[in-house]
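Next up, model.txt (compact mmCIF, C-alpha atoms and all ligand atoms):
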```txt
# COMPACT_ATOMS: atom_id res chain seq x y z
CA MET A 1 0.00 0.00 0.00
CA LYS A 2 2.75 2.38 0.97
CA VAL A 3 4.73 1.49 -2.11
CA SER A 4 1.79 1.79 -4.41
CA SER A 5 0.74 5.16 -3.03
CA PHE A 6 4.31 6.31 -3.45
CA SER A 7 4.28 5.18 -7.07
CA THR A 8 0.94 6.85 -7.54
CA MET A 9 2.44 10.04 -6.26
CA ILE A 10 5.40 9.71 -8.61
CA ILE A 11 3.03 9.15 -11.48
CA LEU A 12 0.91 12.11 -10.48
CA VAL A 13 3.93 14.34 -10.16
CA THR A 14 5.19 13.17 -13.52
CA ILE A 15 1.81 13.74 -15.11
CA SER A 16 1.56 17.17 -13.63
CA PHE A 17 4.98 18.01 -15.04
CA ILE A 18 4.00 16.75 -18.45
CA PHE A 19 0.62 18.38 -18.54
CA PHE A 20 0.94 21.49 -16.47
CA ILE A 21 4.42 22.88 -16.85
CA PRO A 22 4.46 23.20 -20.65
CA PRO A 23 1.02 24.87 -20.79
CA ILE A 24 2.21 27.40 -18.23
CA GLN A 25 5.15 28.23 -20.45
CA CYS A 26 3.02 28.29 -23.58
CA ALA A 27 0.45 30.48 -21.92
CA ARG A 28 3.00 33.27 -21.78
CA PRO A 29 3.47 34.28 -25.39
CA ASN A 30 6.24 36.76 -25.89
CA PRO A 31 4.27 40.01 -26.11
CA ASP A 32 7.28 41.40 -27.91
CA SER A 33 7.19 39.09 -30.87
CA ASP A 34 3.97 40.25 -32.47
CA LEU A 35 4.98 43.89 -32.56
CA VAL A 36 8.47 43.00 -33.75
CA GLN A 37 6.95 40.93 -36.55
CA GLN A 38 4.57 43.71 -37.56
CA ILE A 39 7.26 46.36 -37.46
CA CYS A 40 9.74 44.31 -39.45
CA GLN A 41 7.22 43.15 -42.03
CA LYS A 42 6.44 46.77 -42.81
CA SER A 43 10.08 47.83 -42.75
CA PRO A 44 12.18 48.10 -45.91
CA ASN A 45 14.61 45.45 -44.64
CA TYR A 46 12.85 42.62 -42.85
CA SER A 47 15.87 40.48 -41.99
CA LEU A 48 18.06 43.33 -40.76
CA CYS A 49 15.13 44.63 -38.73
CA LEU A 50 14.49 41.25 -37.13
CA ILE A 51 18.14 40.55 -36.37
CA THR A 52 18.58 43.95 -34.76
CA LEU A 53 15.40 43.98 -32.70
CA ARG A 54 15.83 40.39 -31.54
CA SER A 55 19.42 40.93 -30.51
CA ASP A 56 20.26 41.32 -26.85
CA VAL A 57 23.00 43.87 -27.31
CA ASN A 58 21.24 46.40 -25.17
CA SER A 59 19.51 44.28 -22.59
CA ASN A 60 22.35 44.58 -20.14
CA ALA A 61 23.82 47.94 -20.93
CA ASN A 62 22.68 51.43 -21.71
CA LEU A 63 19.14 50.86 -22.73
CA ASP A 64 17.15 53.24 -20.59
CA SER A 65 14.69 51.19 -18.65
CA ASN A 66 13.40 54.52 -17.39
CA ILE A 67 11.83 55.41 -20.75
CA ASN A 68 8.70 53.99 -19.30
CA PRO A 69 9.10 52.02 -16.09
CA HIS A 70 5.65 50.47 -16.35
CA LYS A 71 6.23 48.91 -19.69
CA SER A 72 8.93 46.41 -20.28
CA ASN A 73 11.04 46.66 -23.40
CA GLU A 74 8.27 46.11 -25.89
CA ASP A 75 7.26 49.32 -27.54
CA VAL A 76 8.25 51.28 -30.61
CA SER A 77 10.15 53.71 -28.43
CA THR A 78 12.39 50.98 -27.08
CA PHE A 79 12.89 49.47 -30.52
CA ALA A 80 13.78 52.84 -32.04
CA HIS A 81 16.21 53.40 -29.17
CA LYS A 82 17.80 50.03 -29.80
CA ILE A 83 18.45 50.70 -33.49
CA LEU A 84 19.63 54.26 -32.85
CA GLU A 85 22.15 52.97 -30.33
CA VAL A 86 23.59 50.61 -32.91
CA VAL A 87 23.91 53.43 -35.45
CA ALA A 88 25.32 55.76 -32.79
CA ALA A 89 28.00 53.18 -32.00
CA LYS A 90 28.75 52.48 -35.65
CA ALA A 91 29.02 56.08 -36.87
CA PRO A 92 32.32 57.00 -35.15
CA LEU A 93 33.88 53.80 -36.52
CA ILE A 94 32.83 54.73 -40.04
CA LEU A 95 34.14 58.23 -39.45
CA ARG A 96 37.55 56.88 -38.45
CA GLN A 97 37.59 54.61 -41.48
CA LEU A 98 36.78 57.56 -43.75
CA GLN A 99 39.58 59.60 -42.19
CA ASN A 100 42.02 56.73 -42.76
CA SER A 101 40.97 56.39 -46.39
CA ASP A 102 41.27 60.15 -46.79
CA ALA A 103 44.79 60.16 -45.38
CA GLN A 104 45.82 57.35 -47.71
CA THR A 105 44.66 58.75 -51.02
CA ASP A 106 45.98 61.42 -53.35
CA HIS A 107 43.07 61.06 -55.71
CA THR A 108 41.56 64.56 -55.81
CA GLN A 109 38.02 63.55 -56.63
CA LEU A 110 37.95 60.78 -54.05
CA LYS A 111 39.49 63.06 -51.45
CA SER A 112 36.83 65.69 -51.97
CA CYS A 113 33.99 63.20 -51.64
CA LEU A 114 35.62 61.65 -48.57
CA ASP A 115 35.93 65.10 -47.04
CA SER A 116 32.24 65.68 -47.46
CA CYS A 117 31.46 62.23 -46.01
CA ILE A 118 33.70 63.06 -43.06
CA THR A 119 31.70 66.23 -42.47
CA SER A 120 28.48 64.21 -42.64
CA TYR A 121 29.68 61.49 -40.26
CA THR A 122 31.04 64.04 -37.82
CA LYS A 123 27.56 65.52 -37.69
CA ILE A 124 25.92 62.10 -37.43
CA SER A 125 28.26 61.00 -34.60
CA ASN A 126 28.30 64.22 -32.61
CA GLU A 127 24.85 65.65 -33.18
CA LEU A 128 22.23 63.65 -34.99
CA MET A 129 22.48 60.32 -33.16
CA PRO A 130 23.01 61.61 -29.59
CA GLN A 131 20.15 64.05 -30.15
CA ALA A 132 17.88 61.35 -31.60
CA LEU A 133 18.47 59.19 -28.53
CA GLU A 134 17.53 62.11 -26.30
CA PHE A 135 14.37 62.69 -28.33
CA VAL A 136 13.34 59.07 -27.86
CA ASP A 137 13.96 59.31 -24.13
CA LYS A 138 11.69 62.35 -24.02
CA GLY A 139 9.00 60.50 -25.98
CA ASP A 140 9.44 62.75 -29.01
CA LEU A 141 9.58 60.04 -31.65
CA ASN A 142 8.82 62.36 -34.54
CA SER A 143 11.94 64.39 -33.93
CA ALA A 144 13.94 61.19 -33.60
CA LYS A 145 12.51 60.11 -36.94
CA GLU A 146 13.53 63.41 -38.47
CA ASN A 147 17.13 62.87 -37.34
CA ALA A 148 17.11 59.31 -38.65
CA ASN A 149 15.84 60.60 -41.98
CA ILE A 150 18.54 63.26 -42.18
CA THR A 151 21.18 60.68 -41.27
CA GLY A 152 19.92 58.29 -43.93
CA ASN A 153 19.96 61.07 -46.52
CA LEU A 154 23.51 62.10 -45.60
CA ALA A 155 24.69 58.50 -45.88
CA GLU A 156 22.94 58.11 -49.21
CA ALA A 157 24.56 61.28 -50.54
CA CYS A 158 27.92 59.97 -49.37
CA GLU A 159 27.33 56.74 -51.30
CA LYS A 160 26.32 58.56 -54.47
CA ASP A 161 29.15 61.07 -54.37
CA CYS A 162 31.89 58.54 -53.77
CA SER A 163 30.79 55.74 -56.03
CA GLY A 164 32.47 56.03 -59.39
CA THR A 165 35.24 58.31 -58.16
CA THR A 166 37.73 55.49 -58.55
CA SER A 167 37.94 52.54 -60.87
CA ALA A 168 38.11 50.20 -57.90
CA THR A 169 35.17 47.82 -57.66
CA ILE A 170 35.21 47.97 -53.88
CA SER A 171 33.42 51.00 -52.51
CA PRO A 172 35.95 53.46 -51.09
CA ILE A 173 33.59 54.19 -48.21
CA GLY A 174 32.96 50.62 -47.11
CA ASP A 175 29.66 48.86 -46.46
CA GLY A 176 29.10 50.48 -43.07
CA ASN A 177 27.59 53.41 -44.90
CA GLN A 178 24.99 51.19 -46.56
CA TYR A 179 24.23 49.66 -43.17
CA VAL A 180 23.57 53.11 -41.72
CA GLN A 181 21.16 53.87 -44.58
CA ASP A 182 19.33 50.59 -44.06
CA MET A 183 19.07 51.05 -40.31
CA CYS A 184 17.81 54.62 -40.65
CA ALA A 185 15.17 53.52 -43.16
CA ILE A 186 13.93 50.96 -40.62
CA ILE A 187 13.62 53.62 -37.90
CA VAL A 188 11.76 56.00 -40.22
CA SER A 189 9.32 53.31 -41.35
CA MET A 190 8.79 52.05 -37.79
CA ILE A 191 7.86 55.45 -36.41
CA THR A 192 5.76 56.29 -39.48
CA ASN A 193 3.81 53.02 -39.42
CA PHE A 194 3.23 52.71 -35.69
CA PRO A 195 2.42 56.21 -34.50
CA GLN A 196 -0.27 54.95 -32.16
CA SER A 197 2.42 53.29 -30.10
CA ASN A 198 3.96 56.71 -29.57
CA GLN A 199 0.88 57.77 -27.73
CA GLN A 200 1.12 54.80 -25.42
CA THR A 201 4.67 55.72 -24.70
CA LEU A 202 3.76 59.28 -23.91
CA ALA A 203 0.89 58.25 -21.65
C1 LIG A 301 12.99 62.42 -45.42
O1 LIG A 301 13.72 63.48 -45.98
C2 LIG A 301 13.38 63.78 -47.32
C3 LIG A 301 14.37 64.80 -47.84
O2 LIG A 301 14.65 65.78 -46.87
C4 LIG A 301 11.94 64.25 -47.37
O3 LIG A 301 11.57 64.57 -48.70
C5 LIG A 301 11.06 63.14 -46.86
O4 LIG A 301 9.72 63.57 -46.80
C6 LIG A 301 11.49 62.68 -45.48
N1 LIG A 301 10.77 61.47 -45.16
C7 LIG A 301 10.22 61.27 -43.97
C8 LIG A 301 9.51 59.97 -43.81
O5 LIG A 301 10.29 62.07 -43.05
C1 LIG A 302 19.36 44.82 -45.62
O1 LIG A 302 20.45 45.40 -44.94
C2 LIG A 302 21.69 44.72 -45.10
C3 LIG A 302 22.73 45.44 -44.23
O2 LIG A 302 22.91 46.75 -44.65
C4 LIG A 302 22.06 44.70 -46.57
O3 LIG A 302 23.26 43.97 -46.71
C5 LIG A 302 20.97 44.07 -47.37
O4 LIG A 302 21.27 44.16 -48.75
C6 LIG A 302 19.63 44.79 -47.12
N1 LIG A 302 18.57 44.12 -47.80
C7 LIG A 302 17.65 44.79 -48.50
C8 LIG A 302 16.58 43.97 -49.10
O5 LIG A 302 17.68 46.02 -48.63
```
Will you turn the file into structure tokens for me?
Amino acid sequence: MKVSSFSTMIILVTISFIFFIPPIQCARPNPDSDLVQQICQKSPNYSLCLITLRSDVNSNANLDSNINPHKSNEDVSTFAHKILEVVAAKAPLILRQLQNSDAQTDHTQLKSCLDSCITSYTKISNELMPQALEFVDKGDLNSAKENANITGNLAEACEKDCSGTTSATISPIGDGNQYVQDMCAIIVSMITNFPQSNQQTLA
């Protein structure tokens, strides 16, 4: 009797693990995933969008959890912040690369386009990205979008000006510049397509 009630208990415990634990886990869908899917499907670069928003680069570091303490990291504001931080970190590296290329070339036409890219990336690194991050923190997503748009346009101009200045098949400005354009386009589309989420953030 003792043995059999012990086995019964084991069986019951096992059954409860099989039947109850997984449903508990399944009953908590990631509230994040739907919005991420929607945002990325409407963005001009689905895979880059998904990779960036699903990455954990910011979960431990500078991501302001004080944007909205009542909401966990699942709104447009937080996503915009995440992408902006990546661009903000990337811009000074691109700037340094441009300065190196500039120092290494005597090609007049290339030098002049690099100089204008250096001016653009100085502005992106020192003004546009830090400011955009502040705008997001203040809940002013439209101004952040404006800065992302300007940044994307500057990067695009840089691409256009420099391509074709040399016969080299490799872009003299590197692919970081294209990355910045793609990331900025995602931010602009995100804030344009999900303005209602801005209101939630402001509330
Ligand atoms: C981005 O900037 C361009 C050029 O300044 C402007 O024509 C366009 O309307 C802007 N787009 C958005 C979504 O703000
Ligand atoms: C998405 O972005 C990546 C990184 O900049 C780029 O390599 C890729 O070509 C882009 N894809 C599209 C469809 O624009």
### Task
Using only C-alpha atoms, determine which residues lie at most 10 Å from A:Ile118, disregarding the query and same-chain residues fewer than 5 positions distant; provide the list as a VMD selection string.
chain A and resid 94 to 99 102 112 to 113 123 to 124 158
Neighbours of stretch 43-50 of chain A within 8 Å (all atoms listed in the file; same-chain residues fewer than 3 positions away dropped), as a PDB file with C-alpha atoms, keeping the file's coordinate frame?
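Output file out-v9.pdb follows:
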```pdb
ATOM      1  CA  VAL A  36       8.470  43.000 -33.750  1.00  0.00           C
ATOM      2  CA  GLN A  37       6.950  40.930 -36.550  1.00  0.00           C
ATOM      3  CA  ILE A  39       7.260  46.360 -37.460  1.00  0.00           C
ATOM      4  CA  CYS A  40       9.740  44.310 -39.450  1.00  0.00           C
ATOM      5  CA  LEU A  53      15.400  43.980 -32.700  1.00  0.00           C
ATOM      6  CA  ARG A  54      15.830  40.390 -31.540  1.00  0.00           C
ATOM      7  CA  ASP A 182      19.330  50.590 -44.060  1.00  0.00           C
ATOM      8  CA  MET A 183      19.070  51.050 -40.310  1.00  0.00           C
ATOM      9  CA  ALA A 185      15.170  53.520 -43.160  1.00  0.00           C
ATOM     10  CA  ILE A 186      13.930  50.960 -40.620  1.00  0.00           C
ATOM     11  CA  SER A 189       9.320  53.310 -41.350  1.00  0.00           C
ATOM     12  CA  MET A 190       8.790  52.050 -37.790  1.00  0.00           C
TER      13      MET A 190
END
```
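Among A:Thr165, A:Thr192, A:Ser120, A:Thr52, the residue with the shortest atom-to-atom distance to ligand LIG 302 (chain A), counting only C-alpha atoms and all ligand atoms, is A:Thr52.
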Padded axis-aligned box of ligand LIG 302 (chain A) (5 Å per side), centre and edge lengths, Å, one decimal, as AutoDock Vina command-line options:
```
--center_x 19.9 --center_y 45.4 --center_z -46.7 --size_x 16.7 --size_y 12.8 --size_z 14.9
```
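Take atom CA of A:Val136 and atom C8 of ligand LIG 301 (chain A): the distance between them is 16.4 Å.
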